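J.: This one is structure_29.csv, CSV, C-alpha atoms.
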```
chain,number,residue,atom,x,y,z
A,1,MET,CA,-21.8,34.5,-71.7
A,2,LEU,CA,-18.3,36.1,-71.6
A,3,GLY,CA,-16.7,32.7,-72.2
A,4,ASN,CA,-15.8,31.9,-68.6
A,5,GLU,CA,-16.1,28.5,-67.1
A,6,VAL,CA,-18.4,28.8,-64.0
A,7,THR,CA,-18.9,26.5,-61.1
A,8,VAL,CA,-21.6,27.3,-58.5
A,9,LEU,CA,-21.4,26.1,-54.9
A,10,GLY,CA,-24.4,26.4,-52.7
A,11,ARG,CA,-25.8,24.9,-49.5
A,12,GLU,CA,-29.2,24.0,-51.0
A,13,ASP,CA,-29.8,20.8,-52.9
A,14,VAL,CA,-31.6,23.0,-55.5
A,15,PRO,CA,-30.8,26.7,-56.1
A,16,LEU,CA,-33.6,29.1,-55.1
A,17,SER,CA,-35.6,26.2,-53.6
A,18,ALA,CA,-36.0,28.2,-50.3
A,19,VAL,CA,-37.9,30.9,-52.2
A,20,LEU,CA,-39.4,29.0,-55.2
A,21,GLY,CA,-39.5,25.4,-54.1
A,22,PRO,CA,-37.6,22.5,-55.7
A,23,LYS,CA,-39.6,22.2,-58.9
A,24,LEU,CA,-39.2,25.8,-60.0
A,25,GLY,CA,-35.7,26.0,-58.6
A,26,THR,CA,-34.8,23.1,-60.8
A,27,ALA,CA,-36.1,25.1,-63.8
A,28,PHE,CA,-33.6,27.9,-63.1
A,29,GLN,CA,-30.8,25.3,-62.5
A,30,ASN,CA,-31.5,23.6,-65.8
A,31,LEU,CA,-31.4,27.0,-67.5
A,32,HIS,CA,-27.9,27.7,-66.2
A,33,SER,CA,-26.7,24.1,-66.9
A,34,SER,CA,-27.8,24.5,-70.5
A,35,HIS,CA,-25.4,27.5,-70.8
A,36,GLY,CA,-22.5,25.5,-69.4
A,37,VAL,CA,-22.7,26.4,-65.7
A,38,ARG,CA,-21.6,23.6,-63.4
A,39,PHE,CA,-23.2,23.0,-60.0
A,40,LYS,CA,-21.8,21.4,-56.9
A,41,LEU,CA,-24.8,21.1,-54.6
A,42,PRO,CA,-24.9,21.0,-51.7
A,43,GLY,CA,-21.4,22.3,-51.4
A,44,SER,CA,-19.4,25.1,-49.8
A,45,ALA,CA,-15.9,26.5,-49.9
A,46,ALA,CA,-13.6,25.4,-47.1
A,47,GLU,CA,-10.6,27.2,-48.4
A,48,ILE,CA,-9.6,29.6,-51.1
A,49,SER,CA,-5.9,29.1,-52.1
A,50,GLY,CA,-3.7,31.2,-54.3
A,51,ASP,CA,-0.2,32.0,-55.4
A,52,GLY,CA,1.5,35.3,-55.8
A,53,GLY,CA,-1.5,37.2,-54.5
A,54,LYS,CA,-3.8,35.6,-57.0
A,55,VAL,CA,-6.4,32.9,-56.4
A,56,THR,CA,-5.7,29.5,-58.0
A,57,HIS,CA,-8.3,27.1,-56.7
A,58,VAL,CA,-11.0,26.5,-54.1
A,59,VAL,CA,-11.1,23.6,-51.8
A,60,THR,CA,-14.6,22.4,-51.1
A,61,ASN,CA,-16.0,21.0,-47.9
A,62,ASP,CA,-15.6,17.5,-49.2
A,63,GLY,CA,-11.9,18.1,-50.0
A,64,SER,CA,-12.2,18.4,-53.8
A,65,TRP,CA,-10.4,21.1,-55.7
A,66,ILE,CA,-11.9,23.5,-58.2
A,67,GLU,CA,-9.5,25.5,-60.3
A,68,ALA,CA,-10.4,29.2,-60.2
A,69,ASP,CA,-8.9,32.6,-61.1
A,70,LEU,CA,-11.9,34.6,-59.8
A,71,VAL,CA,-14.1,33.8,-56.8
A,72,LEU,CA,-17.4,35.6,-56.3
A,73,ILE,CA,-18.8,35.3,-52.7
A,74,ALA,CA,-22.5,35.8,-52.2
A,75,ILE,CA,-23.3,35.0,-48.6
A,76,GLY,CA,-26.0,37.4,-47.7
A,77,VAL,CA,-26.1,40.2,-45.1
A,78,VAL,CA,-27.0,40.7,-41.5
A,79,PRO,CA,-28.9,43.9,-40.6
A,80,ASN,CA,-26.7,46.5,-39.0
A,81,VAL,CA,-28.7,47.4,-35.9
A,82,GLY,CA,-25.8,48.9,-33.8
A,83,LEU,CA,-27.0,52.5,-33.9
A,84,ALA,CA,-30.5,51.4,-32.9
A,85,GLN,CA,-29.2,49.3,-30.0
A,86,GLN,CA,-27.1,52.3,-28.8
A,87,ALA,CA,-30.3,54.3,-28.8
A,88,GLY,CA,-32.1,51.6,-26.7
A,89,LEU,CA,-34.5,50.5,-29.5
A,90,PRO,CA,-35.8,47.0,-29.7
A,91,THR,CA,-34.1,44.9,-32.4
A,92,GLY,CA,-34.4,41.3,-33.8
A,93,ASN,CA,-33.6,40.5,-37.4
A,94,GLY,CA,-33.5,44.2,-37.9
A,95,ILE,CA,-35.0,47.2,-36.2
A,96,LEU,CA,-38.5,46.4,-34.8
A,97,VAL,CA,-41.0,48.9,-36.1
A,98,ASN,CA,-44.8,49.0,-36.4
A,99,GLU,CA,-46.9,49.2,-39.6
A,100,SER,CA,-46.1,52.9,-39.9
A,101,LEU,CA,-42.3,52.1,-39.6
A,102,GLN,CA,-42.2,53.8,-36.2
A,103,THR,CA,-39.9,52.4,-33.5
A,104,SER,CA,-40.6,52.1,-29.8
A,105,ASN,CA,-39.4,55.8,-29.7
A,106,PRO,CA,-42.2,57.8,-31.3
A,107,ASN,CA,-39.6,60.2,-32.7
A,108,ILE,CA,-37.5,57.6,-34.5
A,109,TYR,CA,-38.5,55.7,-37.7
A,110,ALA,CA,-36.6,53.0,-39.7
A,111,ALA,CA,-37.1,52.0,-43.3
A,112,GLY,CA,-35.4,49.9,-45.9
A,113,ASP,CA,-33.7,46.5,-45.5
A,114,VAL,CA,-33.0,47.1,-41.8
A,115,ALA,CA,-36.6,47.6,-40.8
A,116,ASN,CA,-38.4,44.5,-39.5
A,117,ALA,CA,-41.9,45.9,-39.8
A,118,PHE,CA,-45.2,44.6,-38.6
A,119,HIS,CA,-47.2,43.8,-41.8
A,120,PRO,CA,-51.0,44.4,-41.4
A,121,VAL,CA,-51.9,41.7,-43.9
A,122,LEU,CA,-49.7,39.0,-42.5
A,123,GLN,CA,-50.3,40.1,-38.9
A,124,ASP,CA,-46.7,39.3,-38.4
A,125,ARG,CA,-43.3,40.9,-38.9
A,126,LEU,CA,-41.7,41.0,-42.3
A,127,ARG,CA,-38.2,42.2,-43.4
A,128,SER,CA,-37.7,42.6,-47.1
A,129,GLU,CA,-34.3,43.1,-48.8
A,130,HIS,CA,-35.1,44.9,-52.1
A,131,TRP,CA,-35.0,48.4,-53.5
A,132,ALA,CA,-38.8,48.4,-54.1
A,133,ASN,CA,-39.3,47.9,-50.4
A,134,ALA,CA,-36.8,50.7,-49.6
A,135,ILE,CA,-38.7,53.1,-51.9
A,136,ALA,CA,-42.1,52.2,-50.5
A,137,GLY,CA,-40.8,52.3,-46.9
A,138,GLY,CA,-39.2,55.7,-47.3
A,139,LYS,CA,-42.5,57.1,-48.5
A,140,THR,CA,-44.4,55.5,-45.6
A,141,ALA,CA,-42.0,56.7,-43.0
A,142,ALA,CA,-42.0,60.3,-44.4
A,143,LYS,CA,-45.8,60.4,-44.4
A,144,ALA,CA,-46.0,59.0,-40.9
A,145,MET,CA,-43.5,61.6,-39.7
A,146,LEU,CA,-45.8,64.3,-41.2
A,147,GLY,CA,-48.6,63.0,-39.0
A,148,GLN,CA,-50.5,61.2,-41.8
A,149,THR,CA,-52.2,57.9,-41.1
A,150,VAL,CA,-50.4,55.4,-43.2
A,151,GLN,CA,-49.2,51.8,-43.1
A,152,GLN,CA,-46.6,49.8,-45.0
A,153,ASP,CA,-48.8,47.2,-46.6
A,154,ASP,CA,-47.0,46.7,-50.0
A,155,ILE,CA,-46.8,43.2,-51.3
A,156,PRO,CA,-43.1,42.3,-51.4
A,157,TYR,CA,-41.7,42.3,-55.0
A,158,PHE,CA,-38.5,41.3,-56.8
A,159,TYR,CA,-37.3,40.5,-60.3
A,160,THR,CA,-34.4,38.8,-62.0
A,161,ASP,CA,-33.0,38.4,-65.5
A,162,GLN,CA,-30.9,35.3,-66.1
A,163,PHE,CA,-29.7,34.6,-69.6
A,164,ASP,CA,-32.9,34.7,-71.7
A,165,LEU,CA,-35.2,34.3,-68.8
A,166,GLY,CA,-36.8,37.2,-67.1
A,167,MET,CA,-39.1,36.9,-64.1
A,168,GLU,CA,-41.1,39.0,-61.7
A,169,TYR,CA,-42.3,37.8,-58.3
A,170,SER,CA,-44.8,39.3,-55.9
A,171,GLY,CA,-45.9,37.6,-52.7
A,172,TYR,CA,-45.7,36.9,-49.0
A,173,GLY,CA,-42.7,34.5,-48.6
A,174,PRO,CA,-43.7,33.3,-45.2
A,175,LEU,CA,-47.0,32.0,-46.5
A,176,THR,CA,-45.6,30.0,-49.4
A,177,LEU,CA,-44.1,27.4,-47.2
A,178,GLY,CA,-46.1,24.2,-47.8
A,179,ALA,CA,-48.5,26.1,-50.2
A,180,ASP,CA,-49.9,24.5,-53.3
A,181,ILE,CA,-48.4,25.6,-56.6
A,182,VAL,CA,-50.5,26.1,-59.7
A,183,THR,CA,-49.0,27.0,-63.0
A,184,ARG,CA,-50.4,28.7,-66.1
A,185,GLY,CA,-48.5,27.7,-69.1
A,186,SER,CA,-45.6,25.2,-69.4
A,187,VAL,CA,-42.6,25.4,-67.1
A,188,GLU,CA,-40.6,23.4,-69.7
A,189,SER,CA,-41.4,26.0,-72.4
A,190,GLY,CA,-39.9,28.8,-70.2
A,191,GLU,CA,-43.0,30.9,-70.5
A,192,PHE,CA,-45.4,30.5,-67.6
A,193,ILE,CA,-47.0,32.0,-64.5
A,194,ALA,CA,-46.7,30.2,-61.1
A,195,PHE,CA,-49.1,30.9,-58.3
A,196,TRP,CA,-48.8,29.9,-54.7
A,197,LEU,CA,-52.1,29.1,-53.0
A,198,ARG,CA,-52.8,28.8,-49.3
A,199,HIS,CA,-56.3,27.8,-48.3
A,200,GLY,CA,-57.5,28.4,-51.9
A,201,LYS,CA,-56.2,32.0,-52.0
A,202,VAL,CA,-53.2,33.3,-54.0
A,203,VAL,CA,-50.4,34.4,-51.6
A,204,ALA,CA,-47.7,34.8,-54.2
A,205,GLY,CA,-47.2,34.8,-58.0
A,206,MET,CA,-44.3,34.7,-60.4
A,207,ASN,CA,-44.4,35.4,-64.1
A,208,VAL,CA,-41.6,34.0,-66.2
A,209,ASN,CA,-41.1,35.5,-69.8
A,210,VAL,CA,-44.8,36.5,-69.6
A,211,TRP,CA,-45.2,40.3,-69.3
A,212,ASP,CA,-47.7,42.9,-68.2
A,213,VAL,CA,-49.4,40.6,-65.7
A,214,GLN,CA,-48.0,41.8,-62.4
A,215,ASP,CA,-50.9,44.1,-61.7
A,216,GLY,CA,-53.3,41.2,-62.1
A,217,ILE,CA,-51.1,39.0,-59.9
A,218,GLN,CA,-51.0,41.6,-57.1
A,219,GLU,CA,-54.7,42.2,-57.3
A,220,LEU,CA,-55.3,38.4,-56.8
A,221,ILE,CA,-53.0,38.5,-53.8
A,222,ARG,CA,-54.4,41.7,-52.3
A,223,SER,CA,-58.1,40.6,-52.7
A,224,ALA,CA,-57.5,37.4,-50.7
A,225,ARG,CA,-60.4,35.9,-52.5
A,226,PRO,CA,-60.7,32.1,-53.1
A,227,VAL,CA,-60.0,31.1,-56.7
A,228,GLU,CA,-60.7,28.0,-58.8
A,229,THR,CA,-57.5,26.3,-59.8
A,230,THR,CA,-58.8,25.2,-63.1
A,231,ARG,CA,-59.6,28.9,-64.1
A,232,LEU,CA,-56.3,30.1,-62.6
A,233,SER,CA,-54.3,27.7,-64.7
A,234,ASP,CA,-56.2,28.5,-67.9
A,235,PRO,CA,-54.2,31.0,-70.0
A,236,ASP,CA,-57.4,31.9,-72.0
A,237,ILE,CA,-59.0,33.3,-68.9
A,238,PRO,CA,-57.8,36.9,-68.0
A,239,LEU,CA,-56.5,37.1,-64.4
A,240,ASN,CA,-59.1,39.7,-63.5
A,241,GLU,CA,-61.8,37.1,-64.4
A,242,VAL,CA,-60.4,34.3,-62.3
```
Spell out the structure here as structure tokens.
T.:
Amino acid sequence: MLGNEVTVLGREDVPLSAVLGPKLGTAFQNLHSSHGVRFKLPGSAAEISGDGGKVTHVVTNDGSWIEADLVLIAIGVVPNVGLAQQAGLPTGNGILVNESLQTSNPNIYAAGDVANAFHPVLQDRLRSEHWANAIAGGKTAAKAMLGQTVQQDDIPYFYTDQFDLGMEYSGYGPLTLGADIVTRGSVESGEFIAFWLRHGKVVAGMNVNVWDVQDGIQELIRSARPVETTRLSDPDIPLNEV
């Protein structure tokens, strides 16, 4: 939007497919392509070359060159568990904590991106990298430290705004693998809600350019009640009546 020519390299065949699946990931890719963004997928940077202290091009893994004067690298993060390990606390994809964010040491708690917490709904561990999780986890840990009975059972949430597309997503990522996807509205129109169903129950939902529906989506997820896909996909039926 600033007039730059942009090329995206990524290791997936379709961007965001690991989170949203190939169909919905393609919708985001098409959005960017329509604004002039070029994709080289799958592809990665083997070398960043420059001259006079400035980048001039990127050499990709297949040997091709992409001219560039600016390179943005987004490769993810690894939880910093060094302090926890020094304290003798169990770690694994983060600091291992229970549903109250308490470590194996009853006097030590961990919250935020680094906490790999046992989730009471999933009955499994879940580590979430988002500020919403950090806010919720901080409150949970504080209450637990004060002796209150509390557990971190929030539904993971994130949002993104890309060009003229805004979306919100709530759900349990581990449960969406192989789940059925039901849409309300048209993906092609850019205004829709997508639901991920496992055993007939909503485990995740994403609203795209449709607003004020997150409470309804989270209620469907939290209730864990079976739903009829025909009613779920019908935009004339309010979510609280599905």
J.: So which residues are close to (-39.0, 57.1, -44.8), meaning at most 12 Å away in the file's coordinates with all atoms listed in the file counted, and can you show them as an MDAnalysis selection string?
T.: chainID A and resid 100:102 108:113 115 133:146 150:152
J.: Would you please work out which residue, of A:Val58, A:Met167, A:Leu72, A:Ile221, is nearest to Ile193 in chain A when using all atoms listed in the file?
T.: A:Met167
J.: For CA of Trp196 in chain A and CA of Asp234 in chain A, determine how far apart the two atoms are, in Å to one decimal place.
T.: 15.2 Å
J.: What is the distance, in Å and to one decimal place, between CA of Gly147 in chain A and CA of Pro90 in chain A?
T.: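 Atom-to-atom, CA of Gly147 in chain A and CA of Pro90 in chain A are spaced 22.5 Å apart.
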J.: Using all atoms listed in the file, which of A:Ile75, A:Leu165, A:Ile155, A:Ala132 sits nearest His119 in chain A?
T.: A:Ile155
J.: Fewer than 2 positions away in the same chain doesn't count, so skip those; otherwise give me all residues within 10 Å of Leu41 in chain A, counting all atoms listed in the file, as a ChimeraX atom specification.
T.: /A:8-15,38-39,43-44
J.: How far is it from CA of Val77 in chain A to CA of Tyr169 in chain A, in Å with one decimal?
T.: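 So the answer is 21.0 Å.
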J.: Counting all atoms listed in the file, which of A:Pro79, A:His57, A:Leu70, A:Met1 gets nearest to His32 in chain A?
T.: A:Met1
J.: Compile the contact shell of Asn209 in chain A as a list in words: residues with an atom at most 10 Å away, counting all atoms listed in the file, same-chain residues fewer than 2 positions apart removed.
T.: Asp161, Asp164, Leu165, Gly166, Met167, Glu168, Ser189, Gly190, Glu191, Phe192, Ile193, Met206, Asn207 and Trp211 of chain A
J.: May I ask which of the residues A:Pro235, A:Val81, A:Gly21, A:Arg125 is the closest one to Gly178 in chain A, counting all atoms listed in the file?
T.: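 Of the candidates, the smallest distance to Gly178 in chain A is held by A:Gly21.
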J.: Which residues are near Leu2 in chain A? Cut-off 12 Å, only C-alpha atoms, ignore same chain within fewer than 3 positions. Put them as a VMD selection string.
T.: chain A and resid 5 to 6 35 to 36 163
J.: Do you know which residues lie at most 12 Å from (-56.1, 24.9, -60.2), with coordinates as in the file and all atoms listed in the file counted, and could you write them as a list in words?
T.: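 Selection result: Asp180, Ile181, Val182, Thr183, Arg184, Ala194, Phe195, Trp196, Leu197, Gly200, Lys201, Val202, Pro226, Val227, Glu228, Thr229, Thr230, Arg231, Leu232, Ser233, Asp234, Pro235 and Val242 of chain A.
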J.: Since the input lacks some atoms of range 38-49 of chain A, please model all heavy atoms and print them as a compact mmCIF listing (two decimals), in the frame of the given file.
T.:
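Output saved as rebuild03.txt:
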```txt
# COMPACT_ATOMS: atom_id res chain seq x y z
N ARG A 38 -21.67 24.81 -64.19
CA ARG A 38 -21.60 23.60 -63.40
C ARG A 38 -22.04 23.86 -61.98
O ARG A 38 -21.73 24.92 -61.42
CB ARG A 38 -20.18 23.01 -63.41
CG ARG A 38 -19.66 22.61 -64.79
CD ARG A 38 -18.30 21.93 -64.66
NE ARG A 38 -17.31 22.82 -64.09
CZ ARG A 38 -16.48 23.57 -64.80
NH1 ARG A 38 -16.53 23.53 -66.13
NH2 ARG A 38 -15.60 24.37 -64.23
N PHE A 39 -22.74 22.90 -61.39
CA PHE A 39 -23.20 23.00 -60.00
C PHE A 39 -22.60 21.97 -59.14
O PHE A 39 -22.49 20.80 -59.56
CB PHE A 39 -24.74 22.94 -59.95
CG PHE A 39 -25.46 24.14 -60.51
CD1 PHE A 39 -25.73 24.21 -61.87
CD2 PHE A 39 -25.85 25.18 -59.70
CE1 PHE A 39 -26.40 25.31 -62.41
CE2 PHE A 39 -26.50 26.29 -60.21
CZ PHE A 39 -26.79 26.35 -61.57
N LYS A 40 -22.22 22.34 -57.94
CA LYS A 40 -21.80 21.40 -56.90
C LYS A 40 -22.67 21.65 -55.70
O LYS A 40 -22.37 22.53 -54.89
CB LYS A 40 -20.31 21.54 -56.60
CG LYS A 40 -19.77 20.45 -55.68
CD LYS A 40 -18.26 20.60 -55.51
CE LYS A 40 -17.71 19.53 -54.58
NZ LYS A 40 -17.97 18.15 -55.07
N LEU A 41 -23.77 20.89 -55.62
CA LEU A 41 -24.80 21.10 -54.60
C LEU A 41 -25.14 19.82 -53.87
O LEU A 41 -25.28 18.78 -54.51
CB LEU A 41 -26.06 21.69 -55.24
CG LEU A 41 -25.90 22.98 -56.05
CD1 LEU A 41 -27.20 23.30 -56.79
CD2 LEU A 41 -25.52 24.14 -55.15
N PRO A 42 -25.31 19.89 -52.56
CA PRO A 42 -24.90 21.00 -51.70
C PRO A 42 -23.38 21.03 -51.60
O PRO A 42 -22.74 19.99 -51.62
CB PRO A 42 -25.56 20.73 -50.39
CG PRO A 42 -25.71 19.24 -50.36
CD PRO A 42 -25.93 18.81 -51.78
N GLY A 43 -22.81 22.19 -51.49
CA GLY A 43 -21.40 22.30 -51.40
C GLY A 43 -20.98 23.68 -50.90
O GLY A 43 -21.70 24.66 -51.12
N SER A 44 -19.84 23.78 -50.25
CA SER A 44 -19.40 25.10 -49.80
C SER A 44 -17.86 25.12 -49.86
O SER A 44 -17.19 24.09 -49.98
CB SER A 44 -19.83 25.34 -48.33
OG SER A 44 -19.33 24.34 -47.45
N ALA A 45 -17.33 26.32 -49.80
CA ALA A 45 -15.90 26.50 -49.90
C ALA A 45 -15.28 26.42 -48.49
O ALA A 45 -15.66 27.17 -47.59
CB ALA A 45 -15.57 27.87 -50.51
N ALA A 46 -14.35 25.48 -48.33
CA ALA A 46 -13.60 25.40 -47.10
C ALA A 46 -12.37 26.21 -47.06
O ALA A 46 -11.90 26.64 -46.01
CB ALA A 46 -13.28 23.89 -46.80
N GLU A 47 -11.82 26.46 -48.27
CA GLU A 47 -10.60 27.20 -48.40
C GLU A 47 -10.43 27.79 -49.75
O GLU A 47 -10.82 27.18 -50.74
CB GLU A 47 -9.39 26.24 -48.08
CG GLU A 47 -8.01 26.86 -48.18
CD GLU A 47 -6.92 25.84 -47.96
OE1 GLU A 47 -7.16 24.85 -47.23
OE2 GLU A 47 -5.82 26.01 -48.55
N ILE A 48 -9.92 29.00 -49.80
CA ILE A 48 -9.60 29.60 -51.10
C ILE A 48 -8.06 29.79 -51.08
O ILE A 48 -7.48 30.46 -50.22
CB ILE A 48 -10.25 31.01 -51.22
CG1 ILE A 48 -11.77 30.85 -51.19
CG2 ILE A 48 -9.81 31.69 -52.52
CD1 ILE A 48 -12.53 32.16 -51.21
N SER A 49 -7.40 29.13 -52.03
CA SER A 49 -5.90 29.10 -52.10
C SER A 49 -5.43 29.90 -53.29
O SER A 49 -6.15 30.05 -54.29
CB SER A 49 -5.41 27.69 -52.13
OG SER A 49 -5.77 26.99 -50.95
```
